[in-house]
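Coordinates as given in model_26.tsv (TSV, C-alpha atoms and all ligand atoms):
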```
chain	number	residue	atom	x	y	z
A	1	MET	CA	-47.38	23.52	-115.06
A	2	THR	CA	-44.49	21.43	-116.35
A	3	THR	CA	-42.96	18.89	-114.00
A	4	VAL	CA	-39.22	18.50	-114.05
A	5	THR	CA	-38.39	14.79	-113.87
A	6	ILE	CA	-35.35	13.56	-112.00
A	7	GLU	CA	-33.87	12.57	-115.38
A	8	ASP	CA	-34.33	16.14	-116.67
A	9	ALA	CA	-32.71	17.58	-113.56
A	10	PHE	CA	-29.78	15.15	-113.96
A	11	THR	CA	-29.35	16.13	-117.62
A	12	GLU	CA	-29.47	19.81	-116.73
A	13	LEU	CA	-26.69	19.29	-114.15
A	14	TYR	CA	-24.40	16.88	-115.93
A	15	GLY	CA	-25.06	17.43	-119.65
A	16	ALA	CA	-26.40	13.94	-120.53
A	17	GLY	CA	-29.17	11.70	-119.26
A	18	PRO	CA	-28.61	9.17	-116.43
A	19	GLU	CA	-28.04	5.47	-117.01
A	20	GLY	CA	-30.85	4.70	-114.57
A	21	VAL	CA	-32.95	5.78	-111.62
A	22	TRP	CA	-33.22	3.99	-108.25
A	23	ALA	CA	-35.32	4.49	-105.10
A	24	ALA	CA	-34.79	3.48	-101.46
A	25	PRO	CA	-37.26	4.13	-98.63
A	26	GLY	CA	-37.19	5.48	-95.11
A	27	ARG	CA	-38.61	3.26	-92.37
A	28	VAL	CA	-40.41	3.06	-89.07
A	29	ASN	CA	-39.69	0.36	-86.56
A	30	LEU	CA	-42.74	-1.44	-85.20
A	31	ILE	CA	-40.98	-2.93	-82.18
A	32	GLY	CA	-37.46	-3.78	-80.95
A	33	GLU	CA	-35.69	-0.50	-80.16
A	34	TYR	CA	-32.03	-0.12	-79.14
A	35	THR	CA	-31.77	-3.87	-79.69
A	36	ASP	CA	-29.80	-3.81	-82.94
A	37	PHE	CA	-26.45	-3.08	-81.31
A	38	ASN	CA	-27.14	-5.91	-78.85
A	39	ASP	CA	-27.37	-8.55	-81.61
A	40	GLY	CA	-31.13	-8.54	-80.96
A	41	PHE	CA	-34.36	-8.48	-82.91
A	42	VAL	CA	-36.10	-5.63	-84.74
A	43	MET	CA	-39.22	-5.30	-86.85
A	44	PRO	CA	-39.13	-2.34	-89.22
A	45	LEU	CA	-41.33	-1.60	-92.21
A	46	ALA	CA	-40.47	0.57	-95.18
A	47	LEU	CA	-42.36	3.82	-95.77
A	48	PRO	CA	-43.71	4.99	-99.13
A	49	HIS	CA	-41.29	7.92	-98.75
A	50	THR	CA	-38.09	7.39	-100.71
A	51	ALA	CA	-34.76	8.83	-101.69
A	52	VAL	CA	-34.64	8.71	-105.50
A	53	ALA	CA	-31.31	8.87	-107.32
A	54	ALA	CA	-30.48	9.28	-111.00
A	55	VAL	CA	-27.00	7.86	-111.57
A	56	SER	CA	-24.39	7.35	-114.29
A	57	ARG	CA	-20.97	5.72	-114.09
A	58	ARG	CA	-17.71	7.59	-114.64
A	59	THR	CA	-14.35	6.10	-115.50
A	60	ASP	CA	-12.06	8.91	-114.31
A	61	GLY	CA	-12.07	8.39	-110.54
A	62	VAL	CA	-14.40	11.33	-109.88
A	63	LEU	CA	-17.62	11.36	-107.86
A	64	ARG	CA	-20.10	14.19	-108.38
A	65	VAL	CA	-23.17	14.37	-106.14
A	66	HIS	CA	-26.07	16.78	-106.05
A	67	SER	CA	-29.20	16.90	-103.89
A	68	ALA	CA	-32.33	18.75	-104.93
A	69	ASP	CA	-33.05	19.18	-101.22
A	70	VAL	CA	-29.98	21.19	-100.19
A	71	SER	CA	-28.74	24.43	-101.72
A	72	GLN	CA	-25.10	23.40	-101.85
A	73	GLY	CA	-24.76	22.74	-105.60
A	74	VAL	CA	-22.73	19.90	-107.07
A	75	VAL	CA	-20.10	18.44	-104.73
A	76	GLN	CA	-17.12	16.99	-106.60
A	77	LEU	CA	-14.74	14.54	-104.92
A	78	ARG	CA	-11.81	12.40	-106.09
A	79	LEU	CA	-12.24	8.74	-105.14
A	80	ASP	CA	-8.57	8.21	-104.33
A	81	ALA	CA	-8.71	11.16	-101.92
A	82	LEU	CA	-11.84	10.06	-99.99
A	83	GLU	CA	-11.02	10.34	-96.29
A	84	PRO	CA	-13.25	9.03	-93.49
A	85	LEU	CA	-14.59	11.70	-91.11
A	86	SER	CA	-13.47	14.52	-93.42
A	87	ASP	CA	-16.67	16.48	-92.89
A	88	THR	CA	-17.96	16.79	-96.43
A	89	GLY	CA	-21.48	17.61	-95.17
A	90	TRP	CA	-24.41	15.68	-96.60
A	91	ALA	CA	-22.19	14.38	-99.45
A	92	ALA	CA	-20.47	12.15	-96.89
A	93	TYR	CA	-23.42	9.72	-97.10
A	94	PRO	CA	-23.13	8.85	-100.82
A	95	ALA	CA	-19.34	9.34	-100.77
A	96	GLY	CA	-19.11	6.99	-97.78
A	97	VAL	CA	-20.90	4.30	-99.75
A	98	VAL	CA	-18.46	4.63	-102.66
A	99	TRP	CA	-15.60	4.52	-100.15
A	100	ALA	CA	-17.01	1.40	-98.44
A	101	LEU	CA	-17.50	-0.37	-101.79
A	102	ARG	CA	-13.92	0.39	-102.82
A	103	GLU	CA	-12.56	-0.61	-99.40
A	104	ALA	CA	-14.29	-3.96	-99.91
A	105	GLY	CA	-12.45	-4.32	-103.23
A	106	HIS	CA	-15.27	-3.46	-105.64
A	107	PRO	CA	-14.13	-1.77	-108.85
A	108	VAL	CA	-16.16	1.46	-108.68
A	109	THR	CA	-14.43	4.07	-110.84
A	110	GLY	CA	-16.72	7.07	-110.35
A	111	ALA	CA	-20.28	8.30	-110.64
A	112	ASP	CA	-22.52	11.26	-111.29
A	113	ILE	CA	-25.46	11.29	-108.86
A	114	HIS	CA	-28.47	13.55	-108.59
A	115	LEU	CA	-30.97	12.76	-105.85
A	116	SER	CA	-34.14	13.99	-104.32
A	117	SER	CA	-35.88	12.60	-101.24
A	118	THR	CA	-39.36	12.63	-99.72
A	119	VAL	CA	-38.13	11.08	-96.45
A	120	PRO	CA	-38.33	13.78	-93.75
A	121	THR	CA	-34.77	14.64	-92.71
A	122	GLY	CA	-33.67	14.13	-89.11
A	123	GLY	CA	-37.14	12.88	-88.13
A	124	GLY	CA	-36.03	9.44	-86.99
A	125	LEU	CA	-37.34	7.96	-90.26
A	126	SER	CA	-33.88	7.10	-91.64
A	127	SER	CA	-33.42	9.63	-94.40
A	128	SER	CA	-29.69	8.91	-94.03
A	129	ALA	CA	-30.06	5.17	-94.62
A	130	ALA	CA	-32.32	5.86	-97.62
A	131	LEU	CA	-29.55	8.00	-99.10
A	132	GLU	CA	-26.88	5.36	-98.50
A	133	VAL	CA	-28.95	2.43	-99.71
A	134	VAL	CA	-30.14	4.14	-102.89
A	135	THR	CA	-26.50	4.92	-103.73
A	136	ALA	CA	-25.32	1.40	-102.95
A	137	THR	CA	-28.17	-0.20	-104.94
A	138	ALA	CA	-27.52	1.99	-107.99
A	139	LEU	CA	-23.77	1.30	-108.01
A	140	ASN	CA	-24.35	-2.43	-107.45
A	141	ASP	CA	-26.53	-2.53	-110.57
A	142	LEU	CA	-24.43	-0.25	-112.75
A	143	TYR	CA	-21.11	-1.88	-111.89
A	144	GLU	CA	-22.69	-5.37	-111.88
A	145	LEU	CA	-21.21	-6.14	-108.47
A	146	GLY	CA	-23.69	-8.93	-107.74
A	147	LEU	CA	-24.10	-7.98	-104.07
A	148	SER	CA	-27.26	-9.01	-102.20
A	149	ALA	CA	-29.56	-6.50	-100.51
A	150	SER	CA	-28.17	-7.55	-97.10
A	151	GLN	CA	-24.58	-7.12	-98.30
A	152	LEU	CA	-25.43	-3.65	-99.58
A	153	ALA	CA	-27.00	-2.79	-96.22
A	154	VAL	CA	-23.84	-3.86	-94.39
A	155	LEU	CA	-21.69	-1.68	-96.68
A	156	ALA	CA	-24.09	1.23	-96.18
A	157	GLN	CA	-23.82	0.82	-92.41
A	158	ARG	CA	-20.03	0.77	-92.72
A	159	ALA	CA	-20.28	4.05	-94.65
A	160	GLU	CA	-22.34	5.66	-91.88
A	161	ASN	CA	-20.23	4.23	-89.02
A	162	ASP	CA	-16.73	4.68	-90.38
A	163	PHE	CA	-16.96	7.38	-93.05
A	164	VAL	CA	-19.71	9.70	-91.78
A	165	GLY	CA	-18.89	8.83	-88.15
A	166	VAL	CA	-22.36	7.94	-86.80
A	167	PRO	CA	-22.31	4.75	-84.65
A	168	CYS	CA	-25.69	3.37	-85.81
A	169	GLY	CA	-26.74	-0.29	-85.78
A	170	ILE	CA	-27.77	-2.28	-88.87
A	171	MET	CA	-31.56	-1.89	-88.66
A	172	ASP	CA	-32.06	1.22	-90.79
A	173	GLN	CA	-30.00	0.07	-93.75
A	174	MET	CA	-31.48	-3.45	-93.66
A	175	ALA	CA	-34.99	-1.98	-93.58
A	176	SER	CA	-34.34	0.29	-96.53
A	177	ALA	CA	-32.67	-2.50	-98.52
A	178	CYS	CA	-34.77	-5.56	-97.64
A	179	CYS	CA	-38.34	-4.59	-96.73
A	180	THR	CA	-41.17	-5.68	-99.03
A	181	GLU	CA	-44.61	-4.29	-99.72
A	182	GLY	CA	-47.31	-5.31	-97.25
A	183	ASN	CA	-44.85	-6.79	-94.76
A	184	ALA	CA	-42.83	-5.97	-91.69
A	185	LEU	CA	-39.26	-7.30	-91.66
A	186	TYR	CA	-38.50	-9.62	-88.75
A	187	LEU	CA	-34.74	-9.33	-88.55
A	188	ASP	CA	-32.16	-11.07	-86.39
A	189	THR	CA	-29.41	-8.45	-86.26
A	190	ARG	CA	-26.78	-11.04	-85.26
A	191	ASP	CA	-26.76	-13.09	-88.44
A	192	LEU	CA	-29.13	-10.94	-90.55
A	193	SER	CA	-31.52	-13.84	-91.01
A	194	GLN	CA	-34.95	-12.48	-91.78
A	195	ARG	CA	-38.57	-13.22	-92.42
A	196	GLN	CA	-41.20	-11.08	-94.15
A	197	VAL	CA	-44.19	-10.97	-91.82
A	198	PRO	CA	-47.54	-10.03	-93.42
A	199	PHE	CA	-48.74	-6.78	-91.88
A	200	ASP	CA	-51.91	-6.06	-93.78
A	201	LEU	CA	-53.37	-3.19	-91.81
A	202	ALA	CA	-56.01	-2.19	-94.35
A	203	ALA	CA	-57.53	-5.69	-94.47
A	204	GLN	CA	-57.99	-5.49	-90.69
A	205	GLY	CA	-59.49	-2.00	-90.80
A	206	LEU	CA	-56.43	-0.57	-89.06
A	207	GLN	CA	-53.89	2.16	-89.66
A	208	LEU	CA	-50.41	2.77	-88.33
A	209	LEU	CA	-49.91	6.52	-88.06
A	210	VAL	CA	-46.49	8.12	-88.00
A	211	VAL	CA	-46.33	11.25	-85.88
A	212	ASP	CA	-43.21	13.26	-86.67
A	213	THR	CA	-42.79	15.61	-83.69
A	214	ARG	CA	-40.42	17.80	-85.73
A	215	VAL	CA	-38.20	18.27	-82.71
A	216	LYS	CA	-34.69	16.97	-82.24
A	217	HIS	CA	-33.21	17.44	-78.77
A	218	ALA	CA	-29.48	17.93	-78.69
A	219	LEU	CA	-28.58	15.31	-76.08
A	220	GLY	CA	-29.32	12.46	-78.52
A	221	ASP	CA	-25.81	11.68	-79.77
A	222	GLY	CA	-24.04	11.44	-76.42
A	223	ALA	CA	-26.96	9.54	-74.90
A	224	TYR	CA	-26.83	6.93	-77.66
A	225	ALA	CA	-23.14	6.25	-77.02
A	226	GLU	CA	-23.76	6.11	-73.27
A	227	ARG	CA	-26.62	3.59	-73.63
A	228	ARG	CA	-24.51	1.52	-75.96
A	229	ALA	CA	-21.58	1.48	-73.51
A	230	GLY	CA	-23.97	0.58	-70.67
A	231	CYS	CA	-25.37	-2.36	-72.62
A	232	GLU	CA	-21.87	-3.60	-73.43
A	233	ALA	CA	-20.90	-3.34	-69.75
A	234	GLY	CA	-24.02	-5.33	-68.85
A	235	ALA	CA	-23.19	-8.08	-71.36
A	236	ARG	CA	-19.60	-8.27	-70.10
A	237	ALA	CA	-20.72	-8.53	-66.48
A	238	LEU	CA	-23.16	-11.30	-67.39
A	239	GLY	CA	-20.52	-13.17	-69.39
A	240	VAL	CA	-22.51	-13.17	-72.65
A	241	ARG	CA	-21.42	-12.06	-76.10
A	242	ALA	CA	-24.36	-9.63	-76.31
A	243	LEU	CA	-27.57	-8.94	-74.39
A	244	ARG	CA	-29.51	-10.88	-76.97
A	245	ASP	CA	-28.06	-14.00	-75.32
A	246	VAL	CA	-29.94	-13.33	-72.07
A	247	PRO	CA	-33.22	-15.30	-72.25
A	248	TYR	CA	-36.25	-13.34	-71.10
A	249	ALA	CA	-37.06	-15.99	-68.48
A	250	GLU	CA	-33.64	-15.35	-66.91
A	251	LEU	CA	-34.03	-11.57	-66.73
A	252	PRO	CA	-34.80	-11.46	-62.95
A	253	SER	CA	-31.72	-13.49	-62.06
A	254	ALA	CA	-29.59	-11.53	-64.55
A	255	LEU	CA	-30.64	-8.29	-62.85
A	256	GLU	CA	-29.66	-9.76	-59.48
A	257	ARG	CA	-26.25	-10.67	-60.83
A	258	LEU	CA	-25.81	-7.05	-61.97
A	259	ALA	CA	-26.18	-5.72	-58.43
A	260	ASP	CA	-22.68	-4.20	-58.50
A	261	GLU	CA	-23.05	-2.59	-61.91
A	262	GLY	CA	-25.12	0.43	-60.97
A	263	GLU	CA	-28.73	1.30	-61.60
A	264	ASN	CA	-28.27	2.50	-65.20
A	265	VAL	CA	-26.78	-0.75	-66.46
A	266	ARG	CA	-29.58	-2.74	-64.83
A	267	ARG	CA	-32.22	-0.49	-66.44
A	268	TYR	CA	-30.60	-0.75	-69.88
A	269	VAL	CA	-30.37	-4.53	-69.62
A	270	ARG	CA	-34.02	-4.73	-68.55
A	271	HIS	CA	-35.05	-2.63	-71.54
A	272	VAL	CA	-33.08	-4.57	-74.14
A	273	VAL	CA	-33.98	-8.05	-72.91
A	274	SER	CA	-37.66	-7.14	-72.52
A	275	ASP	CA	-37.83	-5.40	-75.92
A	276	ASP	CA	-36.33	-8.46	-77.63
A	277	HIS	CA	-39.13	-10.39	-75.91
A	278	ARG	CA	-41.70	-7.89	-77.15
A	279	VAL	CA	-40.55	-8.55	-80.72
A	280	GLU	CA	-41.29	-12.25	-80.17
A	281	GLN	CA	-44.70	-11.33	-78.73
A	282	VAL	CA	-45.58	-9.13	-81.71
A	283	ILE	CA	-44.48	-11.83	-84.17
A	284	ALA	CA	-46.71	-14.37	-82.44
A	285	LEU	CA	-49.65	-11.95	-82.52
A	286	LEU	CA	-49.18	-11.12	-86.20
A	287	ASP	CA	-48.78	-14.80	-87.10
A	288	ALA	CA	-52.04	-15.45	-85.25
A	289	GLY	CA	-53.74	-12.60	-87.14
A	290	ASP	CA	-54.39	-10.69	-83.90
A	291	VAL	CA	-53.08	-7.30	-85.01
A	292	ARG	CA	-55.15	-5.30	-82.51
A	293	ALA	CA	-53.43	-7.02	-79.60
A	294	VAL	CA	-50.13	-5.49	-80.75
A	295	GLY	CA	-51.33	-2.13	-79.37
A	296	PRO	CA	-50.66	-2.75	-75.66
A	297	VAL	CA	-47.23	-4.24	-76.48
A	298	LEU	CA	-46.31	-0.98	-78.22
A	299	VAL	CA	-47.27	0.96	-75.09
A	300	GLU	CA	-45.18	-1.37	-72.90
A	301	GLY	CA	-42.25	-0.78	-75.24
A	302	HIS	CA	-42.71	2.97	-74.92
A	303	VAL	CA	-42.82	2.85	-71.13
A	304	SER	CA	-39.60	0.83	-71.14
A	305	LEU	CA	-37.87	3.33	-73.45
A	306	ARG	CA	-39.17	6.22	-71.36
A	307	ASP	CA	-38.47	4.91	-67.86
A	308	ASP	CA	-35.66	2.36	-68.21
A	309	LEU	CA	-33.62	3.53	-71.19
A	310	ARG	CA	-34.74	7.16	-70.75
A	311	VAL	CA	-34.48	8.12	-74.43
A	312	SER	CA	-37.96	9.61	-74.83
A	313	CYS	CA	-38.89	13.28	-74.43
A	314	PRO	CA	-42.02	15.28	-73.50
A	315	GLU	CA	-43.22	15.53	-77.12
A	316	LEU	CA	-42.99	11.76	-77.72
A	317	ASP	CA	-44.64	11.01	-74.37
A	318	LEU	CA	-47.44	13.41	-75.31
A	319	VAL	CA	-48.07	11.56	-78.59
A	320	VAL	CA	-48.49	8.32	-76.67
A	321	SER	CA	-50.65	9.73	-73.87
A	322	SER	CA	-52.90	11.87	-76.08
A	323	ALA	CA	-53.31	9.18	-78.75
A	324	THR	CA	-54.19	6.41	-76.30
A	325	ALA	CA	-56.54	8.74	-74.39
A	326	ALA	CA	-58.31	9.43	-77.70
A	327	GLY	CA	-58.84	5.71	-78.35
A	328	ALA	CA	-55.69	4.52	-80.15
A	329	LEU	CA	-54.94	0.82	-79.69
A	330	GLY	CA	-51.32	1.59	-78.82
A	331	ALA	CA	-48.41	3.92	-79.51
A	332	ARG	CA	-44.71	4.28	-78.91
A	333	MET	CA	-41.70	6.30	-79.92
A	334	THR	CA	-39.78	4.77	-82.84
A	335	GLY	CA	-36.11	5.17	-83.72
A	336	GLY	CA	-33.48	6.74	-81.48
A	337	GLY	CA	-35.78	9.06	-79.50
A	338	PHE	CA	-35.06	12.51	-78.02
A	339	GLY	CA	-37.52	13.81	-80.62
A	340	GLY	CA	-38.13	12.34	-84.04
A	341	SER	CA	-41.20	10.22	-84.58
A	342	ALA	CA	-43.75	8.03	-82.82
A	343	ILE	CA	-46.09	5.39	-84.25
A	344	VAL	CA	-49.75	5.05	-83.33
A	345	LEU	CA	-51.89	1.97	-84.06
A	346	VAL	CA	-55.52	2.96	-84.63
A	347	GLU	CA	-58.79	1.70	-85.99
A	348	GLU	CA	-59.15	3.26	-89.43
A	349	ALA	CA	-62.46	4.77	-88.29
A	350	THR	CA	-60.80	6.65	-85.40
A	351	ALA	CA	-57.63	7.76	-87.22
A	352	ALA	CA	-58.95	11.28	-87.79
A	353	VAL	CA	-60.14	11.68	-84.20
A	354	VAL	CA	-56.81	10.46	-82.81
A	355	SER	CA	-54.80	12.68	-85.18
A	356	LYS	CA	-56.87	15.68	-84.13
A	357	ALA	CA	-56.42	14.87	-80.45
A	358	VAL	CA	-52.63	14.63	-80.81
A	359	THR	CA	-52.48	17.86	-82.81
A	360	GLU	CA	-54.60	19.67	-80.21
A	361	ALA	CA	-52.52	18.33	-77.34
A	362	PHE	CA	-49.39	19.65	-79.06
A	363	ALA	CA	-50.98	23.07	-79.55
A	364	ALA	CA	-52.11	23.18	-75.91
A	365	ALA	CA	-48.59	22.33	-74.73
A	366	GLY	CA	-47.07	25.03	-76.97
A	367	HIS	CA	-45.20	22.51	-79.19
A	368	THR	CA	-44.71	22.88	-82.95
A	369	ALA	CA	-47.54	21.17	-84.86
A	370	PRO	CA	-46.61	17.53	-85.60
A	371	ARG	CA	-46.69	16.01	-89.07
A	372	ILE	CA	-48.99	12.95	-89.16
A	373	PHE	CA	-49.31	10.41	-91.97
A	374	PRO	CA	-50.13	6.71	-92.34
A	375	ALA	CA	-47.28	4.19	-92.60
A	376	VAL	CA	-48.15	1.90	-95.49
A	377	PRO	CA	-45.70	-1.05	-95.52
A	378	SER	CA	-43.82	-0.46	-98.76
A	379	GLN	CA	-41.17	-1.91	-101.06
A	380	GLY	CA	-37.46	-1.64	-100.20
A	381	ALA	CA	-34.72	-0.43	-102.54
A	382	ARG	CA	-35.30	-1.01	-106.26
A	383	ARG	CA	-34.57	0.27	-109.73
A	384	VAL	CA	-37.39	2.49	-110.99
A	385	ALA	CA	-36.17	3.53	-114.46
B	1	LIG	P1	-32.52	10.53	-90.09
B	1	LIG	O1	-31.74	9.44	-90.74
B	1	LIG	O2	-33.26	10.08	-88.89
B	1	LIG	O3	-33.38	11.28	-91.03
B	1	LIG	P2	-29.86	11.56	-89.68
B	1	LIG	O4	-29.35	12.64	-88.83
B	1	LIG	O5	-29.34	10.19	-89.48
B	1	LIG	O6	-31.46	11.58	-89.54
B	1	LIG	O7	-29.61	11.91	-91.20
B	1	LIG	C1	-29.97	13.17	-91.70
B	1	LIG	C2	-28.87	13.68	-92.61
B	1	LIG	O8	-28.86	12.93	-93.84
B	1	LIG	C3	-29.07	15.11	-93.05
B	1	LIG	O9	-28.52	16.01	-92.11
B	1	LIG	C4	-28.30	15.15	-94.37
B	1	LIG	O10	-26.90	15.29	-94.14
B	1	LIG	C5	-28.55	13.76	-94.93
B	1	LIG	N1	-29.70	13.79	-95.83
B	1	LIG	C6	-30.89	13.16	-95.67
B	1	LIG	N2	-31.71	13.39	-96.71
B	1	LIG	C7	-31.03	14.18	-97.56
B	1	LIG	C8	-31.32	14.77	-98.84
B	1	LIG	N3	-32.51	14.60	-99.43
B	1	LIG	N4	-30.36	15.51	-99.43
B	1	LIG	C9	-29.17	15.70	-98.83
B	1	LIG	N5	-28.84	15.18	-97.65
B	1	LIG	C10	-29.74	14.43	-97.00
B	2	MG	MG	-30.19	8.32	-89.83
```
As C-alpha cells, the full file:
Amino acid sequence: MTTVTIEDAFTELYGAGPEGVWAAPGRVNLIGEYTDFNDGFVMPLALPHTAVAAVSRRTDGVLRVHSADVSQGVVQLRLDALEPLSDTGWAAYPAGVVWALREAGHPVTGADIHLSSTVPTGGGLSSSAALEVVTATALNDLYELGLSASQLAVLAQRAENDFVGVPCGIMDQMASACCTEGNALYLDTRDLSQRQVPFDLAAQGLQLLVVDTRVKHALGDGAYAERRAGCEAGARALGVRALRDVPYAELPSALERLADEGENVRRYVRHVVSDDHRVEQVIALLDAGDVRAVGPVLVEGHVSLRDDLRVSCPELDLVVSSATAAGALGARMTGGGFGGSAIVLVEEATAAVVSKAVTEAFAAAGHTAPRIFPAVPSQGARRVA
C-alpha cells in the first residue's frame, strides 16, 4: 500500500509542492468550564490529534483552501471580497483567520492550503480551533509576521467570533496554540498570563480517558448565549467587571445580593465562581503531586455544570455515573456540553474495566457507542515540515 503524504496531496491539487507543513491540536479541558467568557481560569491540555496543513503563499490576493475531510473540493476566495458571516461553510474557518490577520494590518497576500485533521469534528474537542490555529501559525511563519502564540490565538478567536459568527471564549485557541507536551495549561483568560503545569499521568500510573459521546443536541447554541447573558447580568448586578472578580469566600453573600435577579442568574454565578475555585484547587493538588485527589473535584465540577448551569445531557451524565461506579477516580463533561465529550480520570490498571463499563451502559441505554481514547498531554501548534 502506498501512503499519500499531505505534501503529495497538496501537489496533486495545486501543481507544486507546499512551502511547509504545520500542525495544531484539539484539546480537552481538565477543569474551569464556562469560565473563559467571565475573565476566569481554565486548564486545558492539547490532544495528540491535530489538524495538519500544507501551505504556500500567493501574491495575487487569492485564497484557495481544501480539506481532505470534506467532499467539497477546492474553495477559492478573493481576499479583498472576504465578508464576515457570509456562510462559506467550513472554509470560513481558515478564511476568517486570513481576514482577521488582514484586519489587524498584516500583509497577507494569499495562500494555497490543503489540510487534513484527526480531531473528531463537533465532538467538543475543538476541531474548529485546531483549523484556525494551524492556519494562523502557518501564515505567521510564511509571512514572517513575528506574532506570538497568544497573539495568534486572539486572532483565531476573532476569526471564529466575527467572521464565522460563533461567540466562543479564548480557551480553545489558546490551548491549541500554547499547550506543551506533558503539561496542562493554567490560563488566566483576562490577561492571558499562563503557566505550564506538569501533568505526568503515566508516571503516576494514571490515565485521563476522553469519552466522545458522538451526540450533539441542538439546543447548544442558544443555551450558550443565554448562559453568557445570565453571567453578564450577574456581574452587572454585583458591580464587578466580570464574575472572575467575585472571590470564592464571598460567594454566599454575592448570592444573597442577587436575590432580585432570578434563580437562573444565581445558579450561573454559583457555577462560575465555584469552577474558578476548582481550578485553584486542581492547581494546588497538581503542584503537590496529588493527582488522584483531582478526581472528586472533577465530579464536583460535573455536578455544578449539570445542576446549576444545566448544560449537560443524559449521555454525559451516564459517562460520569457509569465510570465512577466502575471505579474511576473522577469524571466530568468537558467543553460546551449538550453532547460532545467527557473526561474520566482512572488508574491505568482499571482503564479497560471502566471503558467497558461505560460502553455497556451506553448500549443498555440505547445510545450510540461512544469513542474512548486516552488524552496524552501533547504539544501545541508547530511547524512539522
Ligand atoms: P468542535 O470545535 O467542537 O469540533 P465546532 O462546531 O466548533 O466543533 O467546529 C466544527 C466545524 O469545524 C465543522 O463543522 C467544520 O466546519 C469545521 N471543521 C473541523 N474540522 C474540519 C476539517 N478537518 N475539515 C473541514 N472542516 C472542518
Ligand atoms: Mg469549536
Test item: residues no farther than 12 Å from ligand MG 2 (chain B), counting all atoms listed in the file, as a ChimeraX atom specification: /A:26-28,90,93,119-133,156-157,159-161,164-173,175-176,221,335-337,340
Write out as a PyMOL selection string the residues lying within 8 Å of region 196-209 of chain A, counting all atoms listed in the file and excluding same-chain residues fewer than 2 positions away. chain A and resi 179-180+182-186+194+211+283+286-287+291+343-349+351+372-377
Check the smallest atom-to-atom distance from each of A:Arg270, A:Leu142, A:Gly230, A:Ser341 to ligand LIG 1 (chain B) using only C-alpha atoms and all ligand atoms, then report the winner.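 Of all the options, A:Ser341 lies closest to ligand LIG 1 (chain B).
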Please give the centre and size of the box around ligand LIG 1 (chain B) (axis-aligned, containing every atom listed in the file, 8 Å added per side), with values in Å to one decimal and written as AutoDock Vina command-line options.
```
--center_x -30.1 --center_y 12.7 --center_z -94.1 --size_x 22.5 --size_y 22.6 --size_z 26.6
```
Long-range neighbours of Ala92 (chain A) as a PDB file with C-alpha atoms, in the frame of the given file, 10 Å cut-off, only C-alpha atoms, 2 positions minimum in chain:
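And here is the file that came out, selection.pdb:
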```pdb
ATOM      1  CA  VAL A  65     -23.170  14.370-106.140  1.00  0.00           C
ATOM      2  CA  LEU A  82     -11.840  10.060 -99.990  1.00  0.00           C
ATOM      3  CA  GLU A  83     -11.020  10.340 -96.290  1.00  0.00           C
ATOM      4  CA  PRO A  84     -13.250   9.030 -93.490  1.00  0.00           C
ATOM      5  CA  LEU A  85     -14.590  11.700 -91.110  1.00  0.00           C
ATOM      6  CA  SER A  86     -13.470  14.520 -93.420  1.00  0.00           C
ATOM      7  CA  ASP A  87     -16.670  16.480 -92.890  1.00  0.00           C
ATOM      8  CA  THR A  88     -17.960  16.790 -96.430  1.00  0.00           C
ATOM      9  CA  GLY A  89     -21.480  17.610 -95.170  1.00  0.00           C
ATOM     10  CA  TRP A  90     -24.410  15.680 -96.600  1.00  0.00           C
ATOM     11  CA  PRO A  94     -23.130   8.850-100.820  1.00  0.00           C
ATOM     12  CA  ALA A  95     -19.340   9.340-100.770  1.00  0.00           C
ATOM     13  CA  GLY A  96     -19.110   6.990 -97.780  1.00  0.00           C
ATOM     14  CA  VAL A  97     -20.900   4.300 -99.750  1.00  0.00           C
ATOM     15  CA  VAL A  98     -18.460   4.630-102.660  1.00  0.00           C
ATOM     16  CA  TRP A  99     -15.600   4.520-100.150  1.00  0.00           C
ATOM     17  CA  GLU A 132     -26.880   5.360 -98.500  1.00  0.00           C
ATOM     18  CA  ALA A 159     -20.280   4.050 -94.650  1.00  0.00           C
ATOM     19  CA  GLU A 160     -22.340   5.660 -91.880  1.00  0.00           C
ATOM     20  CA  PHE A 163     -16.960   7.380 -93.050  1.00  0.00           C
ATOM     21  CA  VAL A 164     -19.710   9.700 -91.780  1.00  0.00           C
ATOM     22  CA  GLY A 165     -18.890   8.830 -88.150  1.00  0.00           C
TER      23      GLY A 165
END
```
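For Arg64 (chain A), the set of protein, DNA and RNA residues having any atom at most 9 Å away, when counting all atoms listed in the file and skipping those fewer than 2 positions along the same chain, is A:Val62, A:His66, A:Val74, A:Val75, A:Gln76, A:Leu77, A:Arg78, A:Gly110, A:Ala111, A:Asp112, A:Ile113, A:His114.
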Neighbours of Leu305 (chain A) within 10 Å (all atoms listed in the file; same-chain residues fewer than 3 positions away dropped), as a ChimeraX atom specification? /A:33-34,267-268,271-272,275,299-302,308-312,332-334,336-337
Around (-25.7, 13.2, -118.1) in the file's frame, which residues reach within 10 Å when counting all atoms listed in the file? Return as an mmCIF file with C-alpha atoms, in the frame of the given file?
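Everything below was put into out_19.cif:
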```
data_model
loop_
_atom_site.group_PDB
_atom_site.id
_atom_site.type_symbol
_atom_site.label_atom_id
_atom_site.label_comp_id
_atom_site.auth_asym_id
_atom_site.auth_seq_id
_atom_site.Cartn_x
_atom_site.Cartn_y
_atom_site.Cartn_z
ATOM 1 C CA GLU A 7 -33.870 12.570 -115.380
ATOM 2 C CA ASP A 8 -34.330 16.140 -116.670
ATOM 3 C CA ALA A 9 -32.710 17.580 -113.560
ATOM 4 C CA PHE A 10 -29.780 15.150 -113.960
ATOM 5 C CA THR A 11 -29.350 16.130 -117.620
ATOM 6 C CA GLU A 12 -29.470 19.810 -116.730
ATOM 7 C CA LEU A 13 -26.690 19.290 -114.150
ATOM 8 C CA TYR A 14 -24.400 16.880 -115.930
ATOM 9 C CA GLY A 15 -25.060 17.430 -119.650
ATOM 10 C CA ALA A 16 -26.400 13.940 -120.530
ATOM 11 C CA GLY A 17 -29.170 11.700 -119.260
ATOM 12 C CA PRO A 18 -28.610 9.170 -116.430
ATOM 13 C CA GLU A 19 -28.040 5.470 -117.010
ATOM 14 C CA ALA A 54 -30.480 9.280 -111.000
ATOM 15 C CA VAL A 55 -27.000 7.860 -111.570
ATOM 16 C CA SER A 56 -24.390 7.350 -114.290
ATOM 17 C CA ARG A 57 -20.970 5.720 -114.090
ATOM 18 C CA ASP A 112 -22.520 11.260 -111.290
ATOM 19 C CA ILE A 113 -25.460 11.290 -108.860
ATOM 20 C CA HIS A 114 -28.470 13.550 -108.590
#
```
